[in-house]
Amino acid sequence: MNDSSRGAPPTAGYRGPTDQGAIPAGPAFDGHAAQQTRPMPIAPDGFGDEFRDEFRDETPQEPMAAPPPPPQKKRAGRDLRAAIGVGVGLGAVVAASLFIVKAVFVGVIAVAVVIGLWELTSRLEEKKGIRAPLVPLAVGGAAMVVAGYARGPEGAWVAMALTALAVLVWRMAQPPEGYLKDVTAGVFAAFYVPFLATFVALLLTADDGPLRVLMFLLLTVVSDTGAYAVGWRFGTHKLAPRISPGKTREGLGGAVLFAMVAGALCMEFMIDGGHWWQGLLLGLAVAASATLGDLGESMIKRDLGIKDMGTLLPGHGGIMDRLDSLLPTAPVVWLLLVLFVGS
């Protein structure tokens, strides 16, 4: 038998049965294909998974990575359209009452004080069970604003003392449990809302009172706007994360810059006898007091576990949420203007 009749030699590595002869050659058998094709080994009976595992693909399949989420745009936490609309409406009311009849603007201050006291005392009772007497606070607060406008700082101090006394006496009509915390909260509310607001009325008593009040409002709004704009765009370092996580050091820098520029312009062109450098100092003081006022109310709201003091103003919250930076800024502006240009 010649080599051609024996067919192709067994493929290297192939172990055929020992009791079979050579692979026959024939027309259905291609020797060249046999050399190129490696037969698949078959696991004999009796072998376990260890044998099959040798031929199993052990390459681990990497899980498909989830697509990255789309970048989130920064958004304001409030309804911007509603906030702008309410702000424009409030500005129109303030401007109309301020430059038409001074007494009407004093009434606007008194109404804002009464609503602010109602919001504050309501939240204290709801969240802490503290019943600060609203009636003497509202009557005494409105009287405080009017007395400050009519009689100056002395009238404001006298009205403040009488309001505190009225709170102490009014609370005596109720059981003694919780008396101390109720009257303490009442005296605090009397100082925090109407007494500080009285300095706006004191600003109005000057000959150029409407311009002083307008400058006070403008500087406070500009400071808040600068803090929001710069902090929203560039803010990365938290200013007071335990009190107000949204405030940043970059935002504070924006507040100072905006307020100082606005203060220099206002003192130079709005106030008789004012100088631009005085406006720089005034703007710096306004930025500091407005920021501290905002942080102060944030501290109160965190203690109460609430986001806003009320819901009266869409996009803004309550009246107290708009007065937070204005109230502590009013005595600062009044005092500096008295020092710079007199009363």
# chains A, B, ... in the order shown; residues from 1 in each chain; ligands from 1
>>> residues_around(residues="A:Gly263", least_positions_apart="3", cutoff="12 Å", atoms="only C-alpha atoms", output="ChimeraX atom specification")
/A:212,214-223,255-260,266-271,274-287,333,336-337
>>> write_last_selection(atoms="C-alpha atoms", output="compact mmCIF listing (two decimals), in the first residue's frame")
# COMPACT_ATOMS: atom_id res chain seq x y z
CA ARG A 212 -32.22 108.03 52.15
CA LEU A 214 -34.52 104.61 48.67
CA MET A 215 -30.74 104.34 48.97
CA PHE A 216 -31.11 101.99 51.94
CA LEU A 217 -33.43 99.74 49.94
CA LEU A 218 -31.26 99.88 46.82
CA LEU A 219 -28.05 99.00 48.63
CA THR A 220 -29.67 96.07 50.42
CA VAL A 221 -31.21 94.71 47.23
CA VAL A 222 -27.96 95.21 45.30
CA SER A 223 -26.03 93.40 48.03
CA ALA A 255 -22.20 91.31 47.76
CA VAL A 256 -19.36 93.53 49.00
CA LEU A 257 -18.31 94.54 45.49
CA PHE A 258 -21.79 95.33 44.24
CA ALA A 259 -22.79 97.19 47.40
CA MET A 260 -19.64 99.29 47.52
CA CYS A 266 -25.62 106.79 45.60
CA MET A 267 -23.67 108.94 48.04
CA GLU A 268 -22.17 110.98 45.21
CA PHE A 269 -25.36 111.63 43.26
CA MET A 270 -28.32 111.15 45.64
CA ILE A 271 -27.31 112.52 49.04
CA GLY A 274 -22.18 112.95 50.50
CA HIS A 275 -18.88 111.75 49.03
CA TRP A 276 -18.04 108.63 47.07
CA TRP A 277 -15.59 107.30 49.67
CA GLN A 278 -18.34 107.45 52.26
CA GLY A 279 -20.45 105.38 49.93
CA LEU A 280 -17.73 102.75 49.77
CA LEU A 281 -17.76 102.42 53.55
CA LEU A 282 -21.54 102.44 53.59
CA GLY A 283 -21.71 99.70 50.95
CA LEU A 284 -19.24 97.56 52.88
CA ALA A 285 -21.28 97.94 56.06
CA VAL A 286 -24.52 97.14 54.23
CA ALA A 287 -23.07 93.95 52.71
CA VAL A 333 -27.49 102.91 57.37
CA LEU A 336 -23.64 106.05 59.18
CA LEU A 337 -25.71 108.69 57.40
>>> closest_atom_pairs(of="stretch 217-325 of chain A", to="stretch 111-134 of chain A", cutoff="10 Å", atoms="only C-alpha atoms", output="CSV")
residue,atom,partner,partner_atom,distance
A:Ile300,CA,A:Leu124,CA,9.7
A:Lys301,CA,A:Arg123,CA,9.1
A:Asp303,CA,A:Lys127,CA,9.1
A:Leu304,CA,A:Lys127,CA,5.7
A:Gly305,CA,A:Lys127,CA,7.5
A:Ile306,CA,A:Arg123,CA,8.6
A:Asp308,CA,A:Arg123,CA,9.7
A:Met309,CA,A:Glu119,CA,6.1
A:Gly310,CA,A:Glu119,CA,6.2
A:Thr311,CA,A:Glu119,CA,9.5
A:Leu312,CA,A:Ile115,CA,9.5
A:Gly318,CA,A:Glu119,CA,7.5
A:Ile319,CA,A:Gly116,CA,5.6
A:Met320,CA,A:Gly116,CA,5.2
A:Asp321,CA,A:Gly116,CA,8.9
A:Arg322,CA,A:Gly116,CA,9.6
A:Leu323,CA,A:Gly116,CA,8.2
>>> write_last_selection(atoms="N, CA and C atoms", output="tab-separated table (two decimals), in the first residue's frame")
chain	number	residue	atom	x	y	z
A	300	ILE	N	-32.67	80.93	62.81
A	300	ILE	CA	-33.99	80.77	63.43
A	300	ILE	C	-34.79	79.71	62.70
A	301	LYS	N	-34.79	79.75	61.39
A	301	LYS	CA	-35.57	78.78	60.61
A	301	LYS	C	-35.01	77.37	60.75
A	303	ASP	N	-33.57	76.24	63.46
A	303	ASP	CA	-34.00	75.81	64.78
A	303	ASP	C	-35.46	75.39	64.78
A	304	LEU	N	-36.27	76.09	63.97
A	304	LEU	CA	-37.69	75.74	63.87
A	304	LEU	C	-37.94	74.60	62.90
A	305	GLY	N	-36.97	74.26	62.06
A	305	GLY	CA	-37.15	73.18	61.11
A	305	GLY	C	-38.04	73.55	59.94
A	306	ILE	N	-37.95	74.78	59.46
A	306	ILE	CA	-38.78	75.24	58.35
A	306	ILE	C	-37.89	75.88	57.29
A	308	ASP	N	-39.32	78.43	55.01
A	308	ASP	CA	-39.79	79.81	54.91
A	308	ASP	C	-40.65	80.14	56.12
A	309	MET	N	-40.70	81.43	56.44
A	309	MET	CA	-41.55	81.88	57.54
A	309	MET	C	-43.02	81.93	57.16
A	310	GLY	N	-43.30	82.00	55.88
A	310	GLY	CA	-44.69	82.07	55.43
A	310	GLY	C	-44.79	81.81	53.95
A	311	THR	N	-45.99	81.96	53.43
A	311	THR	CA	-46.26	81.71	52.01
A	311	THR	C	-47.01	82.89	51.38
A	312	LEU	N	-46.96	84.02	52.02
A	312	LEU	CA	-47.76	85.16	51.55
A	312	LEU	C	-47.28	85.70	50.21
A	318	GLY	N	-42.45	84.37	52.96
A	318	GLY	CA	-43.27	85.30	53.75
A	318	GLY	C	-42.64	86.67	53.83
A	319	ILE	N	-43.35	87.56	54.52
A	319	ILE	CA	-42.81	88.91	54.73
A	319	ILE	C	-41.47	88.86	55.45
A	320	MET	N	-41.38	87.99	56.46
A	320	MET	CA	-40.13	87.91	57.22
A	320	MET	C	-38.97	87.41	56.36
A	321	ASP	N	-39.28	86.64	55.34
A	321	ASP	CA	-38.21	86.18	54.45
A	321	ASP	C	-37.67	87.30	53.58
A	322	ARG	N	-38.39	88.40	53.46
A	322	ARG	CA	-37.90	89.58	52.73
A	322	ARG	C	-37.31	90.61	53.67
A	323	LEU	N	-37.70	90.56	54.94
A	323	LEU	CA	-37.18	91.54	55.90
A	323	LEU	C	-35.89	91.09	56.56
>>> select_by_dssp(residues="stretch 196-268 of chain A", states="strand (DSSP E)", output="JSON, numbers by chain")
{"A": [238, 239, 240, 244, 245, 246, 247, 248]}
>>> atom_distance(atom1="atom CA of A:Ala173", atom2="atom CA of A:Val187")
17.0 Å
>>> select_by_dssp(residues="stretch 157-279 of chain A", states="alpha helix (DSSP H)", output="PyMOL selection string")
chain A and resi 157-171+179-190+196-204+209-234+249-269+276-279
>>> closest_residue(among="A:Ala185, A:Val135, A:Ala143, A:Leu204", to="A:Trp170", atoms="only C-alpha atoms")
A:Val135
